[in-house]
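J.: One file: target.txt (compact mmCIF, C-alpha atoms).
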```txt
# COMPACT_ATOMS: atom_id res chain seq x y z
CA MET P 1 49.85 -119.91 -36.43
CA SER P 2 46.08 -119.83 -36.91
CA GLU P 3 44.26 -122.49 -38.93
CA CYS P 4 43.79 -121.69 -42.64
CA THR P 5 40.22 -120.65 -43.52
CA HIS P 6 40.96 -120.71 -47.30
CA ASP P 7 39.68 -117.14 -47.50
CA CYS P 8 42.74 -115.38 -48.93
CA SER P 9 41.10 -111.95 -48.74
CA THR P 10 41.36 -111.99 -44.95
CA CYS P 11 44.85 -113.46 -44.74
CA SER P 12 48.31 -111.88 -44.97
CA ALA P 13 50.18 -115.18 -45.21
CA ASN P 14 52.02 -116.12 -48.40
CA CYS P 15 51.23 -119.83 -48.42
CA SER P 16 51.20 -122.30 -51.31
CA ASP P 17 47.39 -122.36 -51.39
CA ARG P 18 47.11 -118.60 -51.81
CA LYS P 19 45.22 -117.62 -54.98
CA PRO P 20 46.16 -114.50 -56.98
CA ASP P 21 43.71 -111.63 -56.92
CA SER P 22 41.34 -111.66 -59.88
CA LEU P 23 41.99 -109.02 -62.55
CA ILE P 24 38.36 -109.13 -63.75
CA GLU P 25 36.87 -105.65 -63.75
CA PRO P 26 33.41 -105.25 -62.16
CA THR P 27 30.73 -104.13 -64.57
CA ASN P 28 28.08 -101.50 -63.88
CA GLU P 29 25.78 -102.52 -61.04
CA LEU P 30 22.81 -102.16 -63.39
CA ASN P 31 24.17 -104.80 -65.76
CA ASN P 32 23.36 -108.48 -66.01
CA ILE P 33 25.66 -109.88 -68.71
CA LYS P 34 25.52 -113.66 -69.03
CA LYS P 35 27.99 -114.66 -71.76
CA VAL P 36 30.96 -112.71 -73.12
CA ILE P 37 32.53 -113.91 -76.38
CA GLY P 38 35.78 -112.45 -77.68
CA VAL P 39 36.25 -112.34 -81.47
CA VAL P 40 39.97 -112.27 -82.20
CA SER P 41 42.48 -112.63 -85.00
CA GLY P 42 46.22 -112.93 -85.05
CA LYS P 43 46.52 -110.34 -87.82
CA GLY P 44 44.45 -107.63 -89.45
CA GLY P 45 42.45 -107.72 -92.65
CA VAL P 46 40.75 -111.08 -92.18
CA GLY P 47 37.24 -109.74 -91.56
CA LYS P 48 37.03 -109.95 -87.78
CA SER P 49 34.54 -107.09 -87.46
CA MET P 50 32.39 -108.62 -90.21
CA VAL P 51 32.31 -111.91 -88.32
CA THR P 52 31.48 -110.09 -85.07
CA SER P 53 28.59 -108.33 -86.81
CA LEU P 54 27.23 -111.51 -88.41
CA LEU P 55 27.43 -113.46 -85.14
CA SER P 56 25.57 -110.67 -83.36
CA VAL P 57 22.85 -110.41 -86.01
CA ALA P 58 22.41 -114.20 -86.13
CA MET P 59 22.19 -114.44 -82.33
CA ARG P 60 19.65 -111.61 -82.25
CA LYS P 61 17.52 -113.58 -84.72
CA GLU P 62 17.49 -116.34 -82.10
CA GLY P 63 15.64 -113.94 -79.83
CA LYS P 64 18.58 -113.25 -77.52
CA GLU P 65 19.56 -109.92 -75.98
CA VAL P 66 22.79 -109.09 -77.79
CA ALA P 67 25.50 -106.47 -77.34
CA ILE P 68 28.75 -105.57 -79.11
CA LEU P 69 31.68 -104.04 -77.25
CA ASP P 70 33.95 -102.59 -79.94
CA ALA P 71 37.40 -102.96 -78.41
CA ASP P 72 39.16 -101.96 -81.63
CA ILE P 73 39.76 -98.43 -80.37
CA THR P 74 42.08 -97.23 -83.14
CA GLY P 75 40.17 -98.88 -86.00
CA PRO P 76 36.48 -98.98 -85.07
CA SER P 77 34.13 -100.16 -87.81
CA ILE P 78 31.12 -101.60 -85.98
CA PRO P 79 29.01 -98.38 -85.93
CA LYS P 80 29.42 -98.00 -89.70
CA ALA P 81 28.23 -101.54 -90.36
CA PHE P 82 25.05 -100.93 -88.34
CA GLY P 83 24.38 -97.40 -89.60
CA ILE P 84 24.92 -95.78 -86.20
CA ASN P 85 26.04 -92.16 -86.49
CA ASP P 86 24.72 -90.51 -83.32
CA ARG P 87 26.98 -89.84 -80.35
CA ALA P 88 26.45 -91.82 -77.16
CA GLU P 89 24.72 -90.17 -74.21
CA GLY P 90 24.84 -90.78 -70.50
CA ASN P 91 24.04 -89.56 -67.02
CA ASP P 92 25.47 -89.89 -63.52
CA LEU P 93 24.89 -93.65 -63.60
CA GLY P 94 26.92 -94.30 -66.73
CA ILE P 95 26.98 -94.25 -70.53
CA PHE P 96 24.10 -95.54 -72.62
CA PRO P 97 24.96 -97.80 -75.57
CA ALA P 98 23.58 -97.15 -79.03
CA ILE P 99 20.69 -99.39 -80.09
CA THR P 100 20.47 -100.72 -83.65
CA LYS P 101 17.22 -101.10 -85.60
CA GLU P 102 16.93 -104.74 -84.56
CA GLY P 103 17.76 -104.04 -80.92
CA ILE P 104 21.47 -104.87 -80.72
CA LYS P 105 23.30 -102.73 -78.16
CA LEU P 106 26.72 -101.43 -79.08
CA MET P 107 29.46 -99.18 -77.79
CA SER P 108 32.42 -97.93 -79.79
CA ILE P 109 34.92 -95.10 -79.45
CA ASN P 110 33.39 -93.51 -82.55
CA LEU P 111 30.21 -92.89 -80.55
CA LEU P 112 32.21 -90.68 -78.18
CA LEU P 113 34.20 -88.64 -80.70
CA GLU P 114 32.96 -85.35 -82.11
CA ASP P 115 34.46 -86.30 -85.47
CA ALA P 116 34.23 -89.98 -86.39
CA THR P 117 37.17 -89.59 -88.78
CA ALA P 118 39.49 -88.18 -86.10
CA PRO P 119 42.38 -90.56 -85.38
CA VAL P 120 42.76 -91.98 -81.89
CA VAL P 121 46.43 -91.27 -81.18
CA TRP P 122 46.70 -92.90 -77.77
CA ARG P 123 49.30 -95.11 -76.18
CA GLY P 124 48.50 -98.66 -75.15
CA PRO P 125 47.58 -98.11 -71.49
CA VAL P 126 45.09 -95.37 -72.39
CA ILE P 127 43.49 -97.55 -75.06
CA ALA P 128 43.28 -100.46 -72.61
CA GLY P 129 41.65 -98.12 -70.09
CA ALA P 130 38.97 -97.17 -72.61
CA VAL P 131 38.13 -100.84 -73.15
CA LYS P 132 37.76 -101.34 -69.40
CA GLN P 133 35.45 -98.31 -69.24
CA PHE P 134 33.24 -99.75 -71.97
CA TRP P 135 32.78 -102.75 -69.70
CA SER P 136 32.45 -100.96 -66.36
CA ASP P 137 30.84 -97.60 -67.22
CA VAL P 138 28.32 -98.51 -69.92
CA ILE P 139 24.78 -99.35 -68.83
CA TRP P 140 24.21 -102.52 -70.84
CA ASN P 141 21.40 -103.80 -68.60
CA ASP P 142 20.34 -107.37 -69.48
CA VAL P 143 22.53 -109.08 -72.10
CA ASP P 144 22.47 -112.77 -73.02
CA TYR P 145 25.48 -112.61 -75.35
CA MET P 146 28.07 -109.86 -75.59
CA PHE P 147 30.51 -110.03 -78.49
CA VAL P 148 33.82 -108.21 -78.04
CA ASP P 149 35.42 -107.11 -81.32
CA CYS P 150 39.13 -107.16 -80.48
CA PRO P 151 41.88 -105.48 -82.50
CA PRO P 152 44.24 -107.87 -84.31
CA GLY P 153 47.33 -109.32 -82.71
CA THR P 154 48.28 -110.34 -79.19
CA GLY P 155 49.12 -106.94 -77.71
CA ASP P 156 47.76 -104.62 -75.04
CA VAL P 157 44.07 -104.60 -75.89
CA PRO P 158 43.52 -108.35 -76.46
CA LEU P 159 45.46 -108.95 -73.27
CA THR P 160 43.23 -106.45 -71.43
CA VAL P 161 40.11 -108.18 -72.77
CA PHE P 162 41.42 -111.61 -71.76
CA GLN P 163 42.36 -110.48 -68.26
CA SER P 164 39.69 -107.90 -67.42
CA LEU P 165 36.48 -109.32 -68.89
CA PRO P 166 34.86 -112.59 -67.78
CA LEU P 167 35.16 -114.29 -71.16
CA SER P 168 33.13 -117.44 -71.78
CA GLY P 169 35.46 -118.13 -74.69
CA ILE P 170 36.85 -116.75 -77.94
CA VAL P 171 36.23 -117.24 -81.66
CA ILE P 172 39.32 -116.99 -83.87
CA VAL P 173 38.87 -115.48 -87.34
CA THR P 174 41.24 -116.38 -90.15
CA SER P 175 41.52 -116.51 -93.95
CA PRO P 176 42.75 -119.38 -96.16
CA GLN P 177 46.40 -118.38 -96.69
CA ASP P 178 49.12 -120.53 -95.14
CA LEU P 179 50.65 -117.48 -93.42
CA VAL P 180 47.44 -116.81 -91.55
CA SER P 181 47.35 -120.43 -90.43
CA MET P 182 50.50 -119.77 -88.42
CA ILE P 183 48.83 -116.70 -86.90
CA VAL P 184 45.85 -118.81 -85.80
CA LYS P 185 48.16 -120.83 -83.63
CA LYS P 186 49.51 -117.65 -82.02
CA ALA P 187 45.98 -116.57 -81.05
CA TYR P 188 45.18 -120.08 -79.83
CA LYS P 189 48.31 -120.28 -77.70
CA MET P 190 47.63 -116.85 -76.18
CA ALA P 191 44.16 -118.02 -75.15
CA GLU P 192 45.67 -121.23 -73.78
CA MET P 193 48.16 -119.22 -71.70
CA MET P 194 45.29 -117.17 -70.27
CA ASN P 195 43.06 -120.22 -69.65
CA ILE P 196 40.41 -118.90 -72.04
CA PRO P 197 38.43 -121.55 -73.98
CA VAL P 198 38.71 -121.42 -77.77
CA LEU P 199 35.17 -122.07 -79.00
CA GLY P 200 36.13 -122.48 -82.65
CA ILE P 201 37.54 -120.97 -85.82
CA VAL P 202 35.79 -119.04 -88.59
CA GLU P 203 37.48 -119.00 -91.99
CA ASN P 204 36.57 -115.85 -93.90
CA MET P 205 37.04 -115.22 -97.65
CA SER P 206 37.09 -118.98 -98.24
CA TYR P 207 35.75 -118.82 -101.78
CA ILE P 208 33.64 -116.89 -104.25
CA GLN P 209 30.58 -118.52 -105.76
CA CYS P 210 29.77 -118.09 -109.45
CA PRO P 211 26.33 -116.45 -109.74
CA ASP P 212 25.61 -118.39 -112.95
CA CYS P 213 26.73 -121.98 -112.34
CA GLY P 214 27.14 -121.95 -108.55
CA LYS P 215 30.71 -123.27 -108.72
CA LYS P 216 32.95 -122.35 -105.79
CA VAL P 217 36.24 -120.72 -106.78
CA HIS P 218 38.96 -120.66 -104.10
CA LEU P 219 40.76 -117.41 -104.93
CA PHE P 220 43.38 -117.86 -102.21
CA GLY P 221 43.63 -121.62 -102.61
CA GLU P 222 41.77 -124.15 -100.54
CA GLY P 223 42.44 -123.29 -96.96
CA LYS P 224 44.02 -125.62 -94.43
CA THR P 225 41.88 -124.28 -91.61
CA GLN P 226 40.08 -127.58 -91.11
CA THR P 227 43.43 -129.33 -90.71
CA ILE P 228 44.57 -126.74 -88.16
CA ALA P 229 41.24 -126.93 -86.31
CA ASP P 230 41.61 -130.71 -86.08
CA GLU P 231 45.20 -130.32 -84.90
CA LEU P 232 44.18 -127.88 -82.17
CA GLY P 233 41.08 -129.87 -81.26
CA VAL P 234 38.58 -127.07 -81.90
CA PRO P 235 35.66 -126.94 -84.36
CA LEU P 236 35.67 -125.08 -87.67
CA LEU P 237 32.49 -123.06 -87.10
CA ALA P 238 32.04 -121.54 -90.56
CA GLN P 239 33.65 -120.97 -93.96
CA LEU P 240 32.41 -117.66 -95.30
CA PRO P 241 32.45 -116.73 -98.99
CA ILE P 242 33.60 -113.46 -100.49
CA ASN P 243 30.26 -111.73 -100.96
CA PRO P 244 30.17 -108.31 -102.68
CA ASP P 245 26.60 -107.80 -101.45
CA MET P 246 27.86 -108.03 -97.87
CA ALA P 247 30.35 -105.23 -98.49
CA VAL P 248 27.55 -103.06 -99.85
CA MET P 249 25.45 -103.75 -96.74
CA VAL P 250 28.32 -102.66 -94.49
CA ASP P 251 28.88 -99.50 -96.53
CA ASN P 252 25.18 -98.69 -96.30
CA GLY P 253 24.93 -99.50 -92.60
CA CYS P 254 22.42 -102.31 -93.04
CA ILE P 255 24.35 -105.42 -92.02
CA GLU P 256 21.26 -106.54 -90.12
CA LYS P 257 19.67 -107.43 -93.47
CA ALA P 258 22.40 -109.99 -94.20
CA ASP P 259 21.74 -113.69 -94.66
CA THR P 260 23.22 -115.24 -91.53
CA SER P 261 22.52 -118.88 -92.39
CA VAL P 262 26.28 -119.39 -92.86
CA MET P 263 26.62 -118.82 -89.11
CA LYS P 264 24.24 -121.62 -88.09
CA ASP P 265 26.92 -124.00 -86.75
CA ALA P 266 28.64 -121.16 -84.91
CA ILE P 267 25.41 -120.03 -83.26
CA ASP P 268 24.48 -123.60 -82.33
CA THR P 269 27.85 -123.91 -80.60
CA LEU P 270 27.45 -120.63 -78.69
CA LEU P 271 23.90 -121.47 -77.61
CA LYS P 272 25.28 -124.53 -75.79
CA LEU P 273 27.51 -122.43 -73.51
```
Give the structure from this file in structure tokens form.
T.:
Amino acid sequence: MSECTHDCSTCSANCSDRKPDSLIEPTNELNNIKKVIGVVSGKGGVGKSMVTSLLSVAMRKEGKEVAILDADITGPSIPKAFGINDRAEGNDLGIFPAITKEGIKLMSINLLLEDATAPVVWRGPVIAGAVKQFWSDVIWNDVDYMFVDCPPGTGDVPLTVFQSLPLSGIVIVTSPQDLVSMIVKKAYKMAEMMNIPVLGIVENMSYIQCPDCGKKVHLFGEGKTQTIADELGVPLLAQLPINPDMAVMVDNGCIEKADTSVMKDAIDTLLKL
């Protein structure tokens, strides 16, 4: 028996030191993507795409090259938030992402459909394949921070993102209700199973602030997210208010005009990666 070289790619032996083949998909050879951050939630309706957008806008204000990979294939909302309506183009080398007014690169299934309102009636493996193509076939070029807007839950697509993309970590988005607190732990445990770092939690819809007196009103009760964050040993990165102006910005495609100061702690954390 020959001496082990610890290079499993050249060996047919099934020894205890053998490492499993990596499932990470190679990206386009023209790309140089430094950090990939998944934005996830255990359930829908907590504002995950809003958080993805705000993180991207805030990071762009830091002077970084930023991209958004919209992995929510059946419910894409990122192009709407940024006012992107044109279809994506490409050539023999790959697909070109859309570029927002402030220079954020993004790719979403809606940029490939003739009708943005057409439903994507695909089974899981096909949807997962589209996510992989957004990573491997899109010409992102130089990117400092890529944010991946994942669909809710712990199914096919989040699993594909966790296994196929070289994630630097994930941000979990939640809302104050006790039920959602349980869902946070599901997302955390999935990341733990996949050896993906959890960078922190963002609590959305934490409160609404009275425009006259400035008092904070907790419509859903005061959340227990800080307690859960402490229990899991991860930071609470932000508590975002219910802001009607933000909804108007999304509807009008001008999320890049939003005040992103609420994301300061989150951005400071990501800049340390």
J.: Using only C-alpha atoms, I'd like a table of the residues in stretch 29-107 of chain P that come within 12 Å of stretch 144-153 of chain P; for each, show the closest atom pair and its distance in Å rounded to one decimal, ordered by chain and ascending number, as CSV.
T.:
```
residue,atom,partner,partner_atom,distance
P:Asn31,CA,P:Asp144,CA,10.9
P:Asn32,CA,P:Asp144,CA,8.3
P:Ile33,CA,P:Asp144,CA,6.1
P:Lys34,CA,P:Asp144,CA,5.1
P:Lys35,CA,P:Tyr145,CA,4.8
P:Val36,CA,P:Met146,CA,4.8
P:Ile37,CA,P:Phe147,CA,4.9
P:Gly38,CA,P:Val148,CA,4.7
P:Val39,CA,P:Asp149,CA,5.3
P:Val40,CA,P:Cys150,CA,5.5
P:Ser41,CA,P:Pro152,CA,5.1
P:Gly42,CA,P:Gly153,CA,4.4
P:Lys43,CA,P:Pro152,CA,4.9
P:Gly44,CA,P:Pro152,CA,5.1
P:Gly45,CA,P:Pro152,CA,8.5
P:Val46,CA,P:Pro152,CA,9.2
P:Gly47,CA,P:Pro152,CA,10.2
P:Lys48,CA,P:Asp149,CA,7.2
P:Ser49,CA,P:Asp149,CA,6.2
P:Met50,CA,P:Asp149,CA,9.5
P:Val51,CA,P:Asp149,CA,9.0
P:Thr52,CA,P:Asp149,CA,6.2
P:Ser53,CA,P:Phe147,CA,8.7
P:Leu54,CA,P:Phe147,CA,10.6
P:Leu55,CA,P:Phe147,CA,8.1
P:Ser56,CA,P:Phe147,CA,7.0
P:Val57,CA,P:Phe147,CA,10.7
P:Ala58,CA,P:Tyr145,CA,11.3
P:Met59,CA,P:Tyr145,CA,7.9
P:Arg60,CA,P:Tyr145,CA,9.1
P:Glu62,CA,P:Asp144,CA,11.0
P:Gly63,CA,P:Asp144,CA,9.7
P:Lys64,CA,P:Asp144,CA,6.0
P:Glu65,CA,P:Asp144,CA,5.0
P:Val66,CA,P:Tyr145,CA,5.1
P:Ala67,CA,P:Met146,CA,4.6
P:Ile68,CA,P:Phe147,CA,4.8
P:Leu69,CA,P:Val148,CA,4.8
P:Asp70,CA,P:Asp149,CA,4.9
P:Ala71,CA,P:Cys150,CA,5.0
P:Asp72,CA,P:Pro151,CA,4.5
P:Ile73,CA,P:Pro151,CA,7.7
P:Thr74,CA,P:Pro151,CA,8.3
P:Gly75,CA,P:Pro151,CA,7.7
P:Pro76,CA,P:Pro151,CA,8.8
P:Ser77,CA,P:Asp149,CA,9.6
P:Ile78,CA,P:Asp149,CA,8.4
P:Pro79,CA,P:Asp149,CA,11.8
P:Ile104,CA,P:Met146,CA,9.7
P:Lys105,CA,P:Met146,CA,9.0
P:Leu106,CA,P:Met146,CA,9.2
P:Met107,CA,P:Val148,CA,10.0
```
J.: Go ahead and compute the interatomic distance for atom CA of P:Leu219 and atom CA of P:Met205, in Å to one decimal.
T.: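 Interatomic distance, atom CA of P:Leu219 to atom CA of P:Met205: 8.5 Å.
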J.: Tell me, in Å to one decimal, how far atom CA of P:Ile267 is from atom CA of P:Leu179.
T.: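 Between these atoms lies a distance of 27.3 Å.
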J.: Report as AutoDock Vina command-line options the centre and the edge lengths, in Å to one decimal, of the axis-aligned box holding every listed atom of stretch 221-232 of chain P, padded by 3 Å on each side.
T.:
```
--center_x 42.6 --center_y -126.2 --center_z -92.4 --size_x 11.1 --size_y 15.1 --size_z 26.4
```
J.: Give me the residues within 9 Å of P:Val262 as a PyMOL selection string, counting only C-alpha atoms and dropping any in the same chain fewer than 4 places off.
T.: chain P and resi 238-240+266
J.: Could the residues in this selection be saved with C-alpha atoms as a compact mmCIF listing (two decimals), keeping the file's coordinate frame?
T.:
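Saved the output as part-v2.txt:
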```txt
# COMPACT_ATOMS: atom_id res chain seq x y z
CA ALA P 238 32.04 -121.54 -90.56
CA GLN P 239 33.65 -120.97 -93.96
CA LEU P 240 32.41 -117.66 -95.30
CA ALA P 266 28.64 -121.16 -84.91
```
J.: What's the separation between atom CA of P:Asn204 and atom CA of P:Asp245, in Å to one decimal place?
T.: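 Distance between the two atoms: 14.9 Å.
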J.: Please rebuild stretch 175-199 of chain P with N, CA and C atoms and return the result as an mmCIF file, keeping the file's coordinate frame.
T.:
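Done, and the output landed in out12.cif:
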```cif
data_model
loop_
_atom_site.group_PDB
_atom_site.id
_atom_site.type_symbol
_atom_site.label_atom_id
_atom_site.label_comp_id
_atom_site.auth_asym_id
_atom_site.auth_seq_id
_atom_site.Cartn_x
_atom_site.Cartn_y
_atom_site.Cartn_z
ATOM 1 N N SER P 175 41.781 -116.398 -92.511
ATOM 2 C CA SER P 175 41.520 -116.510 -93.950
ATOM 3 C C SER P 175 42.359 -117.677 -94.463
ATOM 4 N N PRO P 176 42.176 -118.103 -95.723
ATOM 5 C CA PRO P 176 42.750 -119.380 -96.160
ATOM 6 C C PRO P 176 44.261 -119.442 -96.314
ATOM 7 N N GLN P 177 44.965 -118.320 -96.397
ATOM 8 C CA GLN P 177 46.400 -118.380 -96.690
ATOM 9 C C GLN P 177 47.191 -119.132 -95.629
ATOM 10 N N ASP P 178 48.271 -119.779 -96.069
ATOM 11 C CA ASP P 178 49.120 -120.530 -95.140
ATOM 12 C C ASP P 178 49.697 -119.645 -94.049
ATOM 13 N N LEU P 179 50.073 -118.397 -94.411
ATOM 14 C CA LEU P 179 50.650 -117.480 -93.420
ATOM 15 C C LEU P 179 49.693 -117.254 -92.264
ATOM 16 N N VAL P 180 48.417 -117.078 -92.592
ATOM 17 C CA VAL P 180 47.440 -116.810 -91.550
ATOM 18 C C VAL P 180 47.249 -118.039 -90.668
ATOM 19 N N SER P 181 47.465 -119.212 -91.225
ATOM 20 C CA SER P 181 47.350 -120.430 -90.430
ATOM 21 C C SER P 181 48.313 -120.400 -89.247
ATOM 22 N N MET P 182 49.517 -119.897 -89.492
ATOM 23 C CA MET P 182 50.500 -119.770 -88.420
ATOM 24 C C MET P 182 49.997 -118.793 -87.360
ATOM 25 N N ILE P 183 49.332 -117.717 -87.815
ATOM 26 C CA ILE P 183 48.830 -116.700 -86.900
ATOM 27 C C ILE P 183 47.706 -117.253 -86.033
ATOM 28 N N VAL P 184 46.912 -118.176 -86.586
ATOM 29 C CA VAL P 184 45.850 -118.810 -85.800
ATOM 30 C C VAL P 184 46.433 -119.463 -84.567
ATOM 31 N N LYS P 185 47.544 -120.132 -84.747
ATOM 32 C CA LYS P 185 48.160 -120.830 -83.630
ATOM 33 C C LYS P 185 48.654 -119.849 -82.564
ATOM 34 N N LYS P 186 49.093 -118.657 -82.994
ATOM 35 C CA LYS P 186 49.510 -117.650 -82.020
ATOM 36 C C LYS P 186 48.321 -117.230 -81.148
ATOM 37 N N ALA P 187 47.167 -116.963 -81.797
ATOM 38 C CA ALA P 187 45.980 -116.570 -81.050
ATOM 39 C C ALA P 187 45.519 -117.693 -80.132
ATOM 40 N N TYR P 188 45.580 -118.920 -80.640
ATOM 41 C CA TYR P 188 45.180 -120.080 -79.830
ATOM 42 C C TYR P 188 46.075 -120.221 -78.601
ATOM 43 N N LYS P 189 47.379 -120.093 -78.809
ATOM 44 C CA LYS P 189 48.310 -120.280 -77.700
ATOM 45 C C LYS P 189 48.194 -119.150 -76.673
ATOM 46 N N MET P 190 47.850 -117.942 -77.131
ATOM 47 C CA MET P 190 47.630 -116.850 -76.180
ATOM 48 C C MET P 190 46.425 -117.178 -75.295
ATOM 49 N N ALA P 191 45.340 -117.653 -75.925
ATOM 50 C CA ALA P 191 44.160 -118.020 -75.150
ATOM 51 C C ALA P 191 44.476 -119.149 -74.175
ATOM 52 N N GLU P 192 45.283 -120.100 -74.630
ATOM 53 C CA GLU P 192 45.670 -121.230 -73.780
ATOM 54 C C GLU P 192 46.461 -120.736 -72.571
ATOM 55 N N MET P 193 47.369 -119.783 -72.798
ATOM 56 C CA MET P 193 48.160 -119.220 -71.700
ATOM 57 C C MET P 193 47.274 -118.527 -70.670
ATOM 58 N N MET P 194 46.168 -117.924 -71.148
ATOM 59 C CA MET P 194 45.290 -117.170 -70.270
ATOM 60 C C MET P 194 44.115 -118.003 -69.752
ATOM 61 N N ASN P 195 44.123 -119.303 -70.075
ATOM 62 C CA ASN P 195 43.060 -120.220 -69.650
ATOM 63 C C ASN P 195 41.683 -119.791 -70.160
ATOM 64 N N ILE P 196 41.660 -119.301 -71.406
ATOM 65 C CA ILE P 196 40.410 -118.900 -72.040
ATOM 66 C C ILE P 196 40.029 -119.972 -73.061
ATOM 67 N N PRO P 197 38.823 -120.527 -73.006
ATOM 68 C CA PRO P 197 38.430 -121.550 -73.980
ATOM 69 C C PRO P 197 38.365 -120.995 -75.397
ATOM 70 N N VAL P 198 38.862 -121.759 -76.356
ATOM 71 C CA VAL P 198 38.710 -121.420 -77.770
ATOM 72 C C VAL P 198 37.484 -122.186 -78.271
ATOM 73 N N LEU P 199 36.440 -121.448 -78.630
ATOM 74 C CA LEU P 199 35.170 -122.070 -79.000
ATOM 75 C C LEU P 199 35.170 -122.578 -80.434
#
```
